[in-house]
Amino acid sequence: MDFDLTEEQNMLKDTISRWSAKNYGTLEALQAVRAEPLGFSEDRWAELAELGILGLPFSEADGGFGGGAVETLVVVEALGRALAPEPYLAGVVLGGGAVRLAGNKAQRAALVPGVADGSVRLAFAHSEIQARYDLHDVATTAELVDGAYRLNGSKTVVLNADAAKFLVLSARTAGSQRDPEGITLFIVPSDAEGISIRSYPTQDGGRAGDITLTDLHVSADAVLGTVGGALPVIERVVDGAIAALCAEAVGLMDALTDITVEYLKTRKQFGVPISSFQALQHKAVDMLVAVEQARSMALYASMMAESEDPDERRTALSAAKVQINRSARFVGQTAVQLHGGIGMTMEYIGAHYFRRLSMIELMFGDTSYHLRRVTMEGGLIKDA
């Protein structure tokens, strides 16, 4: 199997890498953008749109550029390497993924061009406080009243909720709280009457929000996909997000390893650079090995994210997340150890990489959760 990027993919990689390096070369530049009201620069969001990055995963028929999971991997890895705060995961991978997979022709025509040109930002509001990582656990209700739906409930840690023009909301139209059937997706304006958003900064420098729905009236036209049959779509959207997180983590780990090696070359002890100490050289090599293990699994995740077999896809993405989480923790902790005290201060950019890696380790399932899923499925290699 050929794992090399195509000519077009290499051009995409060069483009997004140059953009990331130009805009986020220093901690000062990153902090200045994070201090903006939405936690990112709307001008730079528009630049990503001009480069075609925001429309990348959508079909050309819908106004996108027809990219796939590998193209998403290329983009997100470069954004991760630069710690770029733009809500690509929230708006394009999660919210955009739901519209791409479940939206009808009219919905895609109304939303995708706006997502691609940067004028429409989406947020995926699915997780609830009691659900932990169980995607089928939905307590928010949607009651059909006179041909429309009335939604009540709450969503928690909705990524970049305060920046969204539309919310992709999940609610239960039938069944009990943990039934796999009976979950429906809706697309609604974020400023609709009945929606309250409490936004806040996250530990990794990003933003999220808790959403309360109080008698939110939604027309039947706002349903994404089939009524009561949204769980398979939600699972595919989240699997795509896991693949993207794997790629982002590789970019983060790659950059953190480079920073650490450079520090070893410049920091002196006993009159010589500490990079001359063999024990520290071994640590740096171990970091490099962990990054390459993660890179292999991130590529595997990107290929399997588009699988039509839900069991095969779920097992593959869980296995990838296990390795990514393990590599992320090892690389982050080793970087701190090799830096000494400076590695834990927020005045040093390395600590920001470690914080983001620590958040990724918990997003959409921690190591124990995904290891359990792989075990329950019998592992990646099954008897013929």
# chains A, B, ... in the order shown; residues from 1 in each chain; ligands from 1

$ closest_atom_pairs --of "stretch 166-219 of chain A" --to "stretch 342-361 of chain A" --cutoff "8 Å" --atoms "only C-alpha atoms" --output "JSON lines"
{"residue": "A:Gln203", "atom": "CA", "partner": "A:Arg355", "partner_atom": "CA", "distance": 7.1}
{"residue": "A:Asp204", "atom": "CA", "partner": "A:Arg356", "partner_atom": "CA", "distance": 4.9}
{"residue": "A:Gly205", "atom": "CA", "partner": "A:Arg356", "partner_atom": "CA", "distance": 8.0}

$ residues_around --residues "A:Thr15" --least-positions-apart "4" --cutoff "12 Å" --atoms "only C-alpha atoms" --output "PDB file with all heavy atoms, in the first residue's frame"
ATOM      1  N   GLU A   8      -1.229  16.737  -5.126  1.00  0.00           N
ATOM      2  CA  GLU A   8      -2.194  17.720  -4.620  1.00  0.00           C
ATOM      3  C   GLU A   8      -2.158  17.794  -3.106  1.00  0.00           C
ATOM      4  O   GLU A   8      -2.247  18.889  -2.516  1.00  0.00           O
ATOM      5  CB  GLU A   8      -3.613  17.369  -5.095  1.00  0.00           C
ATOM      6  CG  GLU A   8      -3.854  17.533  -6.586  1.00  0.00           C
ATOM      7  CD  GLU A   8      -3.302  16.368  -7.401  1.00  0.00           C
ATOM      8  OE1 GLU A   8      -2.855  15.367  -6.775  1.00  0.00           O
ATOM      9  OE2 GLU A   8      -3.306  16.462  -8.639  1.00  0.00           O
ATOM     10  N   GLN A   9      -2.020  16.644  -2.454  1.00  0.00           N
ATOM     11  CA  GLN A   9      -1.962  16.635  -0.991  1.00  0.00           C
ATOM     12  C   GLN A   9      -0.693  17.298  -0.476  1.00  0.00           C
ATOM     13  O   GLN A   9      -0.723  17.985   0.553  1.00  0.00           O
ATOM     14  CB  GLN A   9      -2.080  15.200  -0.478  1.00  0.00           C
ATOM     15  CG  GLN A   9      -3.463  14.599  -0.669  1.00  0.00           C
ATOM     16  CD  GLN A   9      -3.498  13.084  -0.466  1.00  0.00           C
ATOM     17  OE1 GLN A   9      -2.451  12.423  -0.465  1.00  0.00           O
ATOM     18  NE2 GLN A   9      -4.681  12.537  -0.316  1.00  0.00           N
ATOM     19  N   ASN A  10       0.402  17.111  -1.181  1.00  0.00           N
ATOM     20  CA  ASN A  10       1.644  17.784  -0.800  1.00  0.00           C
ATOM     21  C   ASN A  10       1.533  19.299  -0.972  1.00  0.00           C
ATOM     22  O   ASN A  10       2.065  20.073  -0.157  1.00  0.00           O
ATOM     23  CB  ASN A  10       2.817  17.244  -1.611  1.00  0.00           C
ATOM     24  CG  ASN A  10       3.433  16.000  -1.006  1.00  0.00           C
ATOM     25  OD1 ASN A  10       3.721  15.953   0.194  1.00  0.00           O
ATOM     26  ND2 ASN A  10       3.626  14.970  -1.822  1.00  0.00           N
ATOM     27  N   MET A  11       0.854  19.732  -2.014  1.00  0.00           N
ATOM     28  CA  MET A  11       0.623  21.168  -2.203  1.00  0.00           C
ATOM     29  C   MET A  11      -0.234  21.720  -1.069  1.00  0.00           C
ATOM     30  O   MET A  11       0.035  22.821  -0.556  1.00  0.00           O
ATOM     31  CB  MET A  11      -0.057  21.409  -3.555  1.00  0.00           C
ATOM     32  CG  MET A  11       0.839  21.157  -4.759  1.00  0.00           C
ATOM     33  SD  MET A  11      -0.050  21.340  -6.320  1.00  0.00           S
ATOM     34  CE  MET A  11      -0.559  23.052  -6.236  1.00  0.00           C
ATOM     35  N   TRP A  19       1.019  28.900   6.038  1.00  0.00           N
ATOM     36  CA  TRP A  19       0.058  29.786   6.703  1.00  0.00           C
ATOM     37  C   TRP A  19       0.200  29.690   8.223  1.00  0.00           C
ATOM     38  O   TRP A  19       0.231  30.709   8.924  1.00  0.00           O
ATOM     39  CB  TRP A  19      -1.359  29.404   6.284  1.00  0.00           C
ATOM     40  CG  TRP A  19      -2.416  30.275   6.909  1.00  0.00           C
ATOM     41  CD1 TRP A  19      -2.921  31.443   6.415  1.00  0.00           C
ATOM     42  CD2 TRP A  19      -3.078  30.045   8.158  1.00  0.00           C
ATOM     43  NE1 TRP A  19      -3.855  31.964   7.270  1.00  0.00           N
ATOM     44  CE2 TRP A  19      -3.980  31.120   8.358  1.00  0.00           C
ATOM     45  CE3 TRP A  19      -3.014  29.051   9.122  1.00  0.00           C
ATOM     46  CZ2 TRP A  19      -4.806  31.229   9.477  1.00  0.00           C
ATOM     47  CZ3 TRP A  19      -3.824  29.140  10.247  1.00  0.00           C
ATOM     48  CH2 TRP A  19      -4.712  30.213  10.423  1.00  0.00           C
ATOM     49  N   SER A  20       0.318  28.487   8.736  1.00  0.00           N
ATOM     50  CA  SER A  20       0.430  28.278  10.181  1.00  0.00           C
ATOM     51  C   SER A  20       1.712  28.891  10.727  1.00  0.00           C
ATOM     52  O   SER A  20       1.707  29.557  11.766  1.00  0.00           O
ATOM     53  CB  SER A  20       0.378  26.780  10.504  1.00  0.00           C
ATOM     54  OG  SER A  20      -0.845  26.207  10.088  1.00  0.00           O
ATOM     55  N   ALA A  21       2.820  28.658  10.038  1.00  0.00           N
ATOM     56  CA  ALA A  21       4.107  29.180  10.500  1.00  0.00           C
ATOM     57  C   ALA A  21       4.136  30.704  10.465  1.00  0.00           C
ATOM     58  O   ALA A  21       4.711  31.349  11.351  1.00  0.00           O
ATOM     59  CB  ALA A  21       5.232  28.608   9.645  1.00  0.00           C
ATOM     60  N   LYS A  22       3.495  31.288   9.466  1.00  0.00           N
ATOM     61  CA  LYS A  22       3.486  32.751   9.345  1.00  0.00           C
ATOM     62  C   LYS A  22       2.687  33.401  10.469  1.00  0.00           C
ATOM     63  O   LYS A  22       3.082  34.440  11.017  1.00  0.00           O
ATOM     64  CB  LYS A  22       2.875  33.152   7.995  1.00  0.00           C
ATOM     65  CG  LYS A  22       2.803  34.665   7.772  1.00  0.00           C
ATOM     66  CD  LYS A  22       2.037  35.000   6.513  1.00  0.00           C
ATOM     67  CE  LYS A  22       0.535  34.761   6.687  1.00  0.00           C
ATOM     68  NZ  LYS A  22      -0.250  35.246   5.526  1.00  0.00           N
ATOM     69  N   GLU A  47      -9.005  34.017   5.998  1.00  0.00           N
ATOM     70  CA  GLU A  47      -7.863  33.594   5.186  1.00  0.00           C
ATOM     71  C   GLU A  47      -7.920  32.093   4.902  1.00  0.00           C
ATOM     72  O   GLU A  47      -7.619  31.657   3.783  1.00  0.00           O
ATOM     73  CB  GLU A  47      -6.562  33.936   5.904  1.00  0.00           C
ATOM     74  CG  GLU A  47      -6.250  35.422   5.959  1.00  0.00           C
ATOM     75  CD  GLU A  47      -4.993  35.705   6.773  1.00  0.00           C
ATOM     76  OE1 GLU A  47      -4.320  34.732   7.181  1.00  0.00           O
ATOM     77  OE2 GLU A  47      -4.686  36.886   6.998  1.00  0.00           O
ATOM     78  N   LEU A  48      -8.296  31.305   5.901  1.00  0.00           N
ATOM     79  CA  LEU A  48      -8.437  29.866   5.687  1.00  0.00           C
ATOM     80  C   LEU A  48      -9.509  29.574   4.642  1.00  0.00           C
ATOM     81  O   LEU A  48      -9.377  28.646   3.839  1.00  0.00           O
ATOM     82  CB  LEU A  48      -8.776  29.164   7.002  1.00  0.00           C
ATOM     83  CG  LEU A  48      -7.651  29.066   8.037  1.00  0.00           C
ATOM     84  CD1 LEU A  48      -8.177  28.428   9.325  1.00  0.00           C
ATOM     85  CD2 LEU A  48      -6.475  28.253   7.500  1.00  0.00           C
ATOM     86  N   GLU A  50     -10.301  31.583   2.139  1.00  0.00           N
ATOM     87  CA  GLU A  50      -9.734  31.960   0.841  1.00  0.00           C
ATOM     88  C   GLU A  50      -8.786  30.890   0.310  1.00  0.00           C
ATOM     89  O   GLU A  50      -8.683  30.680  -0.906  1.00  0.00           O
ATOM     90  CB  GLU A  50      -8.996  33.290   0.965  1.00  0.00           C
ATOM     91  CG  GLU A  50      -9.906  34.482   1.214  1.00  0.00           C
ATOM     92  CD  GLU A  50      -9.138  35.759   1.441  1.00  0.00           C
ATOM     93  OE1 GLU A  50      -7.889  35.720   1.311  1.00  0.00           O
ATOM     94  OE2 GLU A  50      -9.764  36.794   1.724  1.00  0.00           O
ATOM     95  N   LEU A  51      -8.116  30.195   1.218  1.00  0.00           N
ATOM     96  CA  LEU A  51      -7.208  29.117   0.816  1.00  0.00           C
ATOM     97  C   LEU A  51      -7.951  27.825   0.450  1.00  0.00           C
ATOM     98  O   LEU A  51      -7.327  26.875  -0.022  1.00  0.00           O
ATOM     99  CB  LEU A  51      -6.216  28.823   1.947  1.00  0.00           C
ATOM    100  CG  LEU A  51      -5.200  29.930   2.257  1.00  0.00           C
ATOM    101  CD1 LEU A  51      -4.407  29.568   3.519  1.00  0.00           C
ATOM    102  CD2 LEU A  51      -4.251  30.129   1.078  1.00  0.00           C
ATOM    103  N   GLY A  52      -9.253  27.795   0.692  1.00  0.00           N
ATOM    104  CA  GLY A  52     -10.034  26.603   0.389  1.00  0.00           C
ATOM    105  C   GLY A  52     -10.039  25.566   1.497  1.00  0.00           C
ATOM    106  O   GLY A  52     -10.578  24.465   1.318  1.00  0.00           O
ATOM    107  N   ILE A  53      -9.484  25.916   2.663  1.00  0.00           N
ATOM    108  CA  ILE A  53      -9.353  24.948   3.750  1.00  0.00           C
ATOM    109  C   ILE A  53     -10.705  24.625   4.379  1.00  0.00           C
ATOM    110  O   ILE A  53     -10.984  23.474   4.723  1.00  0.00           O
ATOM    111  CB  ILE A  53      -8.381  25.475   4.827  1.00  0.00           C
ATOM    112  CG1 ILE A  53      -7.008  25.785   4.207  1.00  0.00           C
ATOM    113  CG2 ILE A  53      -8.257  24.491   5.975  1.00  0.00           C
ATOM    114  CD1 ILE A  53      -6.333  24.588   3.594  1.00  0.00           C
ATOM    115  N   VAL A  74      -3.954  16.148   6.873  1.00  0.00           N
ATOM    116  CA  VAL A  74      -2.879  17.067   6.487  1.00  0.00           C
ATOM    117  C   VAL A  74      -3.111  18.447   7.099  1.00  0.00           C
ATOM    118  O   VAL A  74      -2.200  19.062   7.666  1.00  0.00           O
ATOM    119  CB  VAL A  74      -2.782  17.160   4.950  1.00  0.00           C
ATOM    120  CG1 VAL A  74      -1.855  18.301   4.538  1.00  0.00           C
ATOM    121  CG2 VAL A  74      -2.289  15.839   4.370  1.00  0.00           C
ATOM    122  N   VAL A  75      -4.353  18.924   6.999  1.00  0.00           N
ATOM    123  CA  VAL A  75      -4.677  20.256   7.514  1.00  0.00           C
ATOM    124  C   VAL A  75      -4.568  20.305   9.029  1.00  0.00           C
ATOM    125  O   VAL A  75      -3.921  21.196   9.599  1.00  0.00           O
ATOM    126  CB  VAL A  75      -6.097  20.663   7.064  1.00  0.00           C
ATOM    127  CG1 VAL A  75      -6.560  21.913   7.817  1.00  0.00           C
ATOM    128  CG2 VAL A  75      -6.128  20.914   5.567  1.00  0.00           C
ATOM    129  N   ALA A  78      -1.059  20.182  10.574  1.00  0.00           N
ATOM    130  CA  ALA A  78      -0.347  21.460  10.457  1.00  0.00           C
ATOM    131  C   ALA A  78      -0.887  22.485  11.450  1.00  0.00           C
ATOM    132  O   ALA A  78      -0.119  23.240  12.066  1.00  0.00           O
ATOM    133  CB  ALA A  78      -0.459  21.997   9.034  1.00  0.00           C
ATOM    134  N   LEU A  79      -2.198  22.527  11.633  1.00  0.00           N
ATOM    135  CA  LEU A  79      -2.787  23.441  12.613  1.00  0.00           C
ATOM    136  C   LEU A  79      -2.345  23.069  14.024  1.00  0.00           C
ATOM    137  O   LEU A  79      -2.079  23.942  14.861  1.00  0.00           O
ATOM    138  CB  LEU A  79      -4.317  23.419  12.506  1.00  0.00           C
ATOM    139  CG  LEU A  79      -4.920  23.955  11.206  1.00  0.00           C
ATOM    140  CD1 LEU A  79      -6.436  23.781  11.224  1.00  0.00           C
ATOM    141  CD2 LEU A  79      -4.554  25.417  10.996  1.00  0.00           C
TER     142      LEU A  79
END

$ select_by_dssp --residues "stretch 123-267 of chain A" --states "alpha helix (DSSP H)" --output "PyMOL selection string"
chain A and resi 231-266

$ write_last_selection --atoms "C-alpha atoms" --output "short mmCIF file (atom, residue, chain, number, x, y, z; two decimals), in the first residue's frame"
data_model
loop_
_atom_site.label_atom_id
_atom_site.label_comp_id
_atom_site.auth_asym_id
_atom_site.auth_seq_id
_atom_site.Cartn_x
_atom_site.Cartn_y
_atom_site.Cartn_z
CA LEU A 231 -27.10 7.74 16.24
CA PRO A 232 -25.22 6.19 13.28
CA VAL A 233 -24.57 9.69 11.93
CA ILE A 234 -23.42 10.94 15.33
CA GLU A 235 -21.05 7.98 15.61
CA ARG A 236 -19.56 8.69 12.18
CA VAL A 237 -19.16 12.38 12.99
CA VAL A 238 -17.39 11.59 16.27
CA ASP A 239 -15.20 8.94 14.60
CA GLY A 240 -14.15 11.57 12.08
CA ALA A 241 -13.38 13.95 14.94
CA ILE A 242 -11.26 11.29 16.66
CA ALA A 243 -9.28 10.82 13.45
CA ALA A 244 -8.77 14.59 13.26
CA LEU A 245 -7.66 14.72 16.90
CA CYS A 246 -5.15 11.95 16.21
CA ALA A 247 -3.68 14.05 13.41
CA GLU A 248 -3.64 17.19 15.53
CA ALA A 249 -1.87 15.31 18.33
CA VAL A 250 0.84 14.19 15.90
CA GLY A 251 1.44 17.81 14.90
CA LEU A 252 1.59 18.85 18.54
CA MET A 253 3.97 16.04 19.51
CA ASP A 254 6.18 16.66 16.51
CA ALA A 255 6.55 20.33 17.41
CA LEU A 256 7.08 19.62 21.11
CA THR A 257 9.81 17.10 20.27
CA ASP A 258 11.57 19.65 18.06
CA ILE A 259 11.33 22.28 20.82
CA THR A 260 12.75 19.84 23.34
CA VAL A 261 15.67 18.77 21.14
CA GLU A 262 16.52 22.41 20.45
CA TYR A 263 16.44 23.14 24.18
CA LEU A 264 18.83 20.25 24.84
CA LYS A 265 21.24 21.75 22.31
CA THR A 266 21.23 25.21 23.88
#

$ residues_around --residues "stretch 145-151 of chain A" --least-positions-apart "3" --cutoff "6 Å" --atoms "only C-alpha atoms" --output "PyMOL selection string"
chain A and resi 141-142+215-220

$ residues_around --residues "A:Leu224" --least-positions-apart "6" --cutoff "9 Å" --atoms "only C-alpha atoms" --output "list in words"
Ala98, Val99, Ala102, Gly103, Asn104, Gln107, Val168, Thr184, Leu185, Phe186, Ile187 and Ala230 of chain A

$ select_by_dssp --residues "stretch 260-341 of chain A" --states "strand (DSSP E)" --output "JSON, numbers by chain"
{"A": [268, 269, 272, 273]}

$ residues_around --residues "A:Met376" --least-positions-apart "5" --cutoff "12 Å" --atoms "only C-alpha atoms" --output "ChimeraX atom specification"
/A:311,314-315,318-319,369-371,382

$ residues_around --residues "stretch 29-42 of chain A" --least-positions-apart "5" --cutoff "6 Å" --atoms "only C-alpha atoms" --output "ChimeraX atom specification"
/A:24,85-86

$ write_last_selection --atoms "all heavy atoms" --output "PDB file, in the first residue's frame"
ATOM      1  N   TYR A  24       1.565  31.869  13.506  1.00  0.00           N
ATOM      2  CA  TYR A  24       1.714  31.396  14.882  1.00  0.00           C
ATOM      3  C   TYR A  24       3.135  30.917  15.166  1.00  0.00           C
ATOM      4  O   TYR A  24       3.354  29.828  15.661  1.00  0.00           O
ATOM      5  CB  TYR A  24       0.716  30.269  15.160  1.00  0.00           C
ATOM      6  CG  TYR A  24      -0.717  30.744  15.055  1.00  0.00           C
ATOM      7  CD1 TYR A  24      -1.493  30.392  13.966  1.00  0.00           C
ATOM      8  CD2 TYR A  24      -1.259  31.578  16.016  1.00  0.00           C
ATOM      9  CE1 TYR A  24      -2.797  30.844  13.853  1.00  0.00           C
ATOM     10  CE2 TYR A  24      -2.547  32.045  15.918  1.00  0.00           C
ATOM     11  CZ  TYR A  24      -3.318  31.672  14.829  1.00  0.00           C
ATOM     12  OH  TYR A  24      -4.609  32.133  14.718  1.00  0.00           O
ATOM     13  N   PRO A  85      -5.552  28.343  17.044  1.00  0.00           N
ATOM     14  CA  PRO A  85      -6.796  28.259  17.813  1.00  0.00           C
ATOM     15  C   PRO A  85      -8.070  28.282  16.983  1.00  0.00           C
ATOM     16  O   PRO A  85      -9.166  28.236  17.537  1.00  0.00           O
ATOM     17  CB  PRO A  85      -6.719  29.508  18.698  1.00  0.00           C
ATOM     18  CG  PRO A  85      -5.979  30.500  17.859  1.00  0.00           C
ATOM     19  CD  PRO A  85      -4.975  29.695  17.060  1.00  0.00           C
ATOM     20  N   GLU A  86      -7.957  28.371  15.666  1.00  0.00           N
ATOM     21  CA  GLU A  86      -9.157  28.440  14.830  1.00  0.00           C
ATOM     22  C   GLU A  86     -10.040  27.190  15.028  1.00  0.00           C
ATOM     23  O   GLU A  86      -9.521  26.077  15.129  1.00  0.00           O
ATOM     24  CB  GLU A  86      -8.773  28.573  13.354  1.00  0.00           C
ATOM     25  CG  GLU A  86      -8.427  29.987  12.941  1.00  0.00           C
ATOM     26  CD  GLU A  86      -7.136  30.478  13.573  1.00  0.00           C
ATOM     27  OE1 GLU A  86      -6.237  29.649  13.798  1.00  0.00           O
ATOM     28  OE2 GLU A  86      -7.020  31.686  13.839  1.00  0.00           O
TER      29      GLU A  86
END

$ atom_distance --atom1 "atom CA of A:Val138" --atom2 "atom CA of A:Ala305"
23.6 Å

$ residues_around --residues "A:Leu167" --least-positions-apart "6" --cutoff "8 Å" --atoms "only C-alpha atoms" --output "compact mmCIF listing (two decimals) with all heavy atoms, in the first residue's frame"
# COMPACT_ATOMS: atom_id res chain seq x y z
N GLY A 95 -19.47 20.01 13.29
CA GLY A 95 -20.70 20.58 12.77
C GLY A 95 -20.85 20.36 11.28
O GLY A 95 -21.91 19.94 10.79
N LEU A 122 -20.43 26.61 12.47
CA LEU A 122 -21.31 25.62 13.09
C LEU A 122 -20.69 25.12 14.39
O LEU A 122 -19.48 25.18 14.59
CB LEU A 122 -21.52 24.43 12.15
CG LEU A 122 -22.03 24.73 10.74
CD1 LEU A 122 -22.02 23.46 9.90
CD2 LEU A 122 -23.43 25.33 10.79
N ALA A 123 -21.54 24.61 15.28
CA ALA A 123 -21.09 23.93 16.49
C ALA A 123 -21.94 22.69 16.67
O ALA A 123 -23.14 22.69 16.37
CB ALA A 123 -21.20 24.84 17.71
N PHE A 124 -21.32 21.64 17.17
CA PHE A 124 -21.97 20.35 17.33
C PHE A 124 -22.33 20.17 18.79
O PHE A 124 -21.46 19.94 19.63
CB PHE A 124 -21.03 19.24 16.86
CG PHE A 124 -21.62 17.87 16.84
CD1 PHE A 124 -22.67 17.56 16.00
CD2 PHE A 124 -21.13 16.86 17.67
CE1 PHE A 124 -23.22 16.28 15.96
CE2 PHE A 124 -21.66 15.58 17.65
CZ PHE A 124 -22.71 15.30 16.78
N ALA A 125 -23.62 20.30 19.11
CA ALA A 125 -24.09 20.25 20.50
C ALA A 125 -24.74 18.90 20.77
O ALA A 125 -25.95 18.72 20.59
CB ALA A 125 -25.08 21.39 20.75
N ALA A 161 -19.01 27.15 21.04
CA ALA A 161 -20.44 27.42 20.92
C ALA A 161 -20.73 28.90 20.71
O ALA A 161 -21.65 29.27 19.96
CB ALA A 161 -21.16 26.92 22.17
N PHE A 186 -31.05 18.23 14.83
CA PHE A 186 -31.70 19.44 14.34
C PHE A 186 -30.63 20.49 14.05
O PHE A 186 -29.61 20.56 14.74
CB PHE A 186 -32.67 20.00 15.38
CG PHE A 186 -33.77 19.06 15.78
CD1 PHE A 186 -33.57 18.14 16.80
CD2 PHE A 186 -35.00 19.09 15.14
CE1 PHE A 186 -34.59 17.27 17.19
CE2 PHE A 186 -36.02 18.23 15.52
CZ PHE A 186 -35.82 17.31 16.54
N ILE A 187 -30.88 21.32 13.05
CA ILE A 187 -30.01 22.45 12.76
C ILE A 187 -30.79 23.73 13.05
O ILE A 187 -31.85 23.96 12.46
CB ILE A 187 -29.48 22.43 11.29
CG1 ILE A 187 -28.57 23.63 11.04
CG2 ILE A 187 -30.62 22.35 10.29
CD1 ILE A 187 -27.19 23.47 11.55
N VAL A 188 -30.32 24.53 14.00
CA VAL A 188 -31.07 25.71 14.44
C VAL A 188 -30.13 26.90 14.59
O VAL A 188 -28.94 26.74 14.91
CB VAL A 188 -31.79 25.45 15.78
CG1 VAL A 188 -32.81 24.34 15.62
CG2 VAL A 188 -30.81 25.11 16.88
N PRO A 189 -30.62 28.12 14.39
CA PRO A 189 -29.80 29.31 14.62
C PRO A 189 -29.42 29.40 16.09
O PRO A 189 -30.24 29.14 16.98
CB PRO A 189 -30.71 30.47 14.20
CG PRO A 189 -31.75 29.86 13.32
CD PRO A 189 -31.95 28.48 13.83
N SER A 190 -28.18 29.80 16.36
CA SER A 190 -27.72 29.84 17.75
C SER A 190 -28.39 30.95 18.56
O SER A 190 -28.36 30.91 19.80
CB SER A 190 -26.20 30.04 17.78
OG SER A 190 -25.84 31.27 17.15

$ atom_distance --atom1 "atom CA of A:Leu12" --atom2 "atom CA of A:Ala294"
21.4 Å

$ closest_residue --among "A:Leu89, A:Ile197, A:Ala301, A:Ala46" --to "A:Ala116" --atoms "only C-alpha atoms"
A:Ala46

$ atom_distance --atom1 "atom CA of A:Val158" --atom2 "atom CA of A:Phe364"
12.2 Å

$ closest_residue --among "A:Gly271, A:Gly365, A:Gly153, A:Gly25" --to "A:Ala320" --atoms "only C-alpha atoms"
A:Gly365

$ decode --residues "stretch 188-245 of chain A" --atoms "C-alpha atoms" --output "tab-separated table (two decimals), in the first residue's frame"
chain	number	residue	atom	x	y	z
A	188	VAL	CA	-31.07	25.71	14.44
A	189	PRO	CA	-29.80	29.31	14.62
A	190	SER	CA	-27.72	29.84	17.75
A	191	ASP	CA	-29.64	33.03	18.60
A	192	ALA	CA	-33.08	31.40	18.43
A	193	GLU	CA	-35.47	32.15	21.29
A	194	GLY	CA	-35.18	29.39	23.88
A	195	ILE	CA	-31.40	28.92	23.54
A	196	SER	CA	-29.07	30.12	26.29
A	197	ILE	CA	-25.28	29.76	25.91
A	198	ARG	CA	-22.82	30.14	28.78
A	199	SER	CA	-19.36	30.31	27.24
A	200	TYR	CA	-16.01	29.93	28.98
A	201	PRO	CA	-12.31	29.32	28.26
A	202	THR	CA	-10.99	25.77	28.40
A	203	GLN	CA	-7.78	24.59	30.04
A	204	ASP	CA	-5.96	24.32	26.71
A	205	GLY	CA	-6.61	27.92	25.67
A	206	GLY	CA	-9.69	27.18	23.57
A	207	ARG	CA	-13.35	27.98	24.18
A	208	ALA	CA	-16.50	25.98	24.86
A	209	GLY	CA	-20.01	26.57	26.13
A	210	ASP	CA	-22.87	24.99	28.02
A	211	ILE	CA	-26.22	25.28	26.28
A	212	THR	CA	-29.66	25.30	27.90
A	213	LEU	CA	-32.76	24.69	25.78
A	214	THR	CA	-36.03	25.97	27.22
A	215	ASP	CA	-39.12	25.37	25.08
A	216	LEU	CA	-37.10	25.89	21.91
A	217	HIS	CA	-39.52	25.66	18.98
A	218	VAL	CA	-38.03	24.09	15.85
A	219	SER	CA	-39.79	23.44	12.56
A	220	ALA	CA	-39.84	20.00	11.01
A	221	ASP	CA	-37.66	21.35	8.19
A	222	ALA	CA	-34.81	21.71	10.69
A	223	VAL	CA	-34.44	17.95	11.11
A	224	LEU	CA	-31.09	16.65	9.83
A	225	GLY	CA	-31.45	13.14	8.46
A	226	THR	CA	-34.15	10.74	9.62
A	227	VAL	CA	-36.28	11.28	12.70
A	228	GLY	CA	-35.15	8.93	15.45
A	229	GLY	CA	-32.25	7.50	13.44
A	230	ALA	CA	-29.41	9.94	14.13
A	231	LEU	CA	-27.10	7.74	16.24
A	232	PRO	CA	-25.22	6.19	13.28
A	233	VAL	CA	-24.57	9.69	11.93
A	234	ILE	CA	-23.42	10.94	15.33
A	235	GLU	CA	-21.05	7.98	15.61
A	236	ARG	CA	-19.56	8.69	12.18
A	237	VAL	CA	-19.16	12.38	12.99
A	238	VAL	CA	-17.39	11.59	16.27
A	239	ASP	CA	-15.20	8.94	14.60
A	240	GLY	CA	-14.15	11.57	12.08
A	241	ALA	CA	-13.38	13.95	14.94
A	242	ILE	CA	-11.26	11.29	16.66
A	243	ALA	CA	-9.28	10.82	13.45
A	244	ALA	CA	-8.77	14.59	13.26
A	245	LEU	CA	-7.66	14.72	16.90
